[in-house]
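Everything below concerns the one structure shown next.
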Amino acid sequence: MAAQHEVVIIGGGNAGVSLAARLERYGVKDIGLIEPKEHHLYQPLFSHIAGGRAQAKEAVRTQESVTPKGVSWIRDSAVDVDGNSNTVTLASGATVAYGQLVVCPGLQFDWDDVPGLAAAVHSPHGATHYEFDLAPKAWTLLSGLTEGTAVFTMPAGPIKCGGASQKPMYLACDYWRQQGVLDKIRVVMVQPYPTVFGVPEVDRELDRKIAEYGIELWTDSELVSVDAAGREATVRNLKTGSEETLRYDVLNAVPPQSAPNWLKATDLPAASDKGGFVEVDRQTLRHLRYPNIWSLGDAAATSNSKAGGALRKQTKVLAKNLVAARKGKAPTEKYNGYSVCPFTVSRDTVVFAEFDDRYRPMPTIPRVPTWNESRLSWVVDRDIFPQVYWNLILKGRA
């Protein structure tokens with residue numbers, strides 16, 4: 001006989017755990033959480049680990065310890081959803097029936113989309129801070145560099161916290177400056193968009209830091225292949241189509257990303273969505289064709305920048321709307337497109353970008369320009385946010 005729950009949540013990351021906790025607080029008592037991994041990770045610290053400003057152990061807890069008491073942890077992977085029969089198929093072959101379903105499995109890394117990239121980040125001269133196991137390696141390579149070329153890359157398309165691709169670069173540059181070797185290192189940042197980030201006020205502040213460190217910013221450009229053995233990265237200009245090969249001493253690369261393959265194969269995404277993201281109303285987060293299916297976070301087809309700050313707003317909206325729907329009422333809460341990205345621009349300062357889904361400034365405190373470089377913002381990002389995450393967000397209280 002198939003397992004059954006009033007609410008089933010696919011994914012035990014930030015979205016799934018914080019939503020489950022909030023739903024429990026709102027009176028939903030029968031929740032099943034599908035998550036195969038034994039450990040839960042706080043991803044915003046990965047950049048600090050790669051930049052030598054955090055220990056790996058600070059970013060990890062057991063999944064059991066963060067799963068809300070009373071929530072049934074289903075230690076398995078989802079491989080299919082049937083919106084007509086209201087069932088989720090698991091990798092084990094078992095099925096789970098649901099009354100309401102929330103799909104938030106996160107993104108997958110498409111390493112093979114860039115030939116040679118997977119081999120490069122596992123080679124002696126490459127790494128990525130988007131993988132927990134490789135973030136400490138990134139700092140080993142960056143801190144050990146005294147001369148040569150360091151290349152940092154960001155892919156086009158939706159990714160987890162796009163600004164995070166730059167953070168270890170600034171931390172490394174400040175470290176190299178302190179060590180007196182910055183002028184001996186060529187630093188290249190490969191950025192697929194016309195500006196460094198996209199919010200004009202933030203761009204101006206980041207451009208100032210880029211000039212201060214002497215970073216070469218290659219805009220409208222993308223990494224298209226890597227020769228790990230030869231330590232060569234080929235970069236294509238997206239406007240002209242021309243390619244240039246960079247020889248590097250350290251490569252810190254961010255992989256292309258998309259929704260998980262199993263999700264792409266369901267009918268939950270829109271037919272036109274090649275990324276495979278769940279088709280939802282961007283304000284209510286309810287599926288456009290299945291009224292008892294919802295999505296938030298990285299796997300949802302929303303227009304915001306994918307980040308934990310956006311997710312915190314989405315969680316509140318979805319939880320209230322789902323509770324209303326269970327009572328036969330129309331969802332009235334609306335997500336406003338808010339997102340946030342703290343840029344660690346030195347080893348003790350941060351540029352705090354708050355913006356909407358059209359990349360317009362959206363500061364939490366009106367008329368306060370949080371995008372100015374600040375020591376206080378560093379304390380908030382590095383010291384306060386992790387504690388808020390473990391002790392409030394994952395408990396559905398922030």
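By order of appearance in the structure tokens: chains A, B, ..., then residues from 1 within every chain, and ligands from 1 in the order shown.
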Could the residues of segment 75-133 of chain A that have an atom at most 12 Å from segment 151-171 of chain A be listed as a tab-separated table, each with its closest atom pair and the distance in Å to one decimal, counting only C-alpha atoms and ordered by chain and ascending residue number?
residue	atom	partner	partner_atom	distance
A:Gly106	CA	A:Lys160	CA	8.8
A:Leu107	CA	A:Lys160	CA	7.7
A:Gln108	CA	A:Ile159	CA	9.4
A:Phe109	CA	A:Ile159	CA	9.1
A:Asp110	CA	A:Pro155	CA	10.5
A:Trp111	CA	A:Pro155	CA	10.9
A:Asp113	CA	A:Pro155	CA	10.3
A:Val114	CA	A:Pro155	CA	9.7
A:Leu117	CA	A:Thr153	CA	11.1
A:Val121	CA	A:Phe152	CA	11.7
A:His125	CA	A:Val151	CA	10.7
A:Gly126	CA	A:Val151	CA	9.5
A:Ala127	CA	A:Phe152	CA	10.0
A:Thr128	CA	A:Ser165	CA	9.1
A:His129	CA	A:Pro168	CA	8.1
A:Tyr130	CA	A:Ser165	CA	8.3
A:Glu131	CA	A:Lys160	CA	11.7
Hey, could you make a per-residue contact list for segment 59-126 of chain A against segment 227-244 of chain A with 7 Å as the cut-off, showing the nearest pair of atoms and its distance in Å to one decimal, counting only C-alpha atoms, sorted by chain and number, as a Markdown table?
| residue | atom | partner | partner_atom | distance |
| --- | --- | --- | --- | --- |
| A:Gly116 | CA | A:Asp227 | CA | 5.9 |
| A:Ala119 | CA | A:Ala228 | CA | 6.3 |
| A:Ala120 | CA | A:Ala228 | CA | 4.6 |
| A:Ser123 | CA | A:Ala228 | CA | 6.6 |
Taking only residues of segment 257-282 of chain A that have an atom at most 10 Å from an atom of segment 77-100 of chain A, what is each one's shortest atom pair and its distance in Å to one decimal, using only C-alpha atoms, in chain and number order, as a tab-separated table?
residue	atom	partner	partner_atom	distance
A:Pro260	CA	A:Val79	CA	9.4
A:Asn261	CA	A:Val79	CA	8.9
A:Trp262	CA	A:Val79	CA	5.4
A:Leu263	CA	A:Asp80	CA	6.9
A:Lys264	CA	A:Asp80	CA	9.6
A:Ala265	CA	A:Asp80	CA	7.9
A:Thr266	CA	A:Val81	CA	6.5
A:Asp267	CA	A:Gly83	CA	8.2
A:Leu268	CA	A:Gly83	CA	8.0
Minimum-distance residue to Arg204 of chain A, chosen among A:Ile49, A:Ala3, A:Ala15, A:Ala353 (using only C-alpha atoms): A:Ala353
Long-range neighbours of Gly32 of chain A as a PyMOL selection string, 7 Å cut-off, only C-alpha atoms, 4 positions minimum in chain: chain A and resi 5+7-9+71-74
Restricted to C-alpha atoms, what would the selected residues look like written as a compact mmCIF listing (two decimals), in the first residue's frame?
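For reference, again_11.txt as written:
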# COMPACT_ATOMS: atom_id res chain seq x y z
CA HIS A 5 0.32 12.45 3.46
CA VAL A 7 1.16 17.54 2.22
CA VAL A 8 4.19 16.07 0.46
CA ILE A 9 7.31 18.20 -0.06
CA VAL A 71 7.42 15.72 9.85
CA SER A 72 7.91 12.30 8.22
CA TRP A 73 11.34 12.22 6.60
CA ILE A 74 11.17 9.99 3.51
Residues flagged alpha helix (DSSP H) by DSSP in segment 71-285 of chain A, as number ranges by chain: A: 117-121, 135-144, 167-179, 200-213, 261-264
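If you measure from each of A:Asp281, A:Glu201, A:Glu354, A:Asp183 to Tyr213 of chain A using only C-alpha atoms, the closest one turns out to be A:Asp183.
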Atom CA of Asp112 of chain A to atom CA of Lys274 of chain A, straight-line distance in Å: 16.5 Å
Residue list (strand (DSSP E or B), DSSP) for segment 121-182 of chain A, as a count of residues only: 8
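Using only C-alpha atoms, the protein and nucleic acid residues lying no more than 12 Å from Lys209 of chain A, apart from those fewer than 5 places from it along its own chain, are Gln166, Lys167, Met169, Tyr170, Leu171, Cys173, Asp174, Val196, Val202, Asp203, Arg204, Gly214, Ile215, Glu216, Leu217, Phe343, Thr344, Val345, Ser346, Thr349, Val350, Val351, Asn372 and Glu373 of chain A.
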Contacts of Arg382 of chain A at 9 Å (only C-alpha atoms; same-chain gap of 5+ positions) as JSON, numbers by chain: {"A": [45, 48, 53, 54, 377]}
Atom CA of Lys395 of chain A to atom CA of Phe46 of chain A, straight-line distance in Å: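 These two atoms are separated by 21.7 Å.
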Atom-to-atom span, atom CA of Thr146 of chain A and atom CA of Arg177 of chain A, Å: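 Between atom CA of Thr146 of chain A and atom CA of Arg177 of chain A the gap works out to 10.5 Å.
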Nearest candidate to Ser225 of chain A (options A:Val388, A:Lys329, A:Ala118, A:Arg360; using only C-alpha atoms):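 Selected residue with least distance to Ser225 of chain A: A:Ala118.
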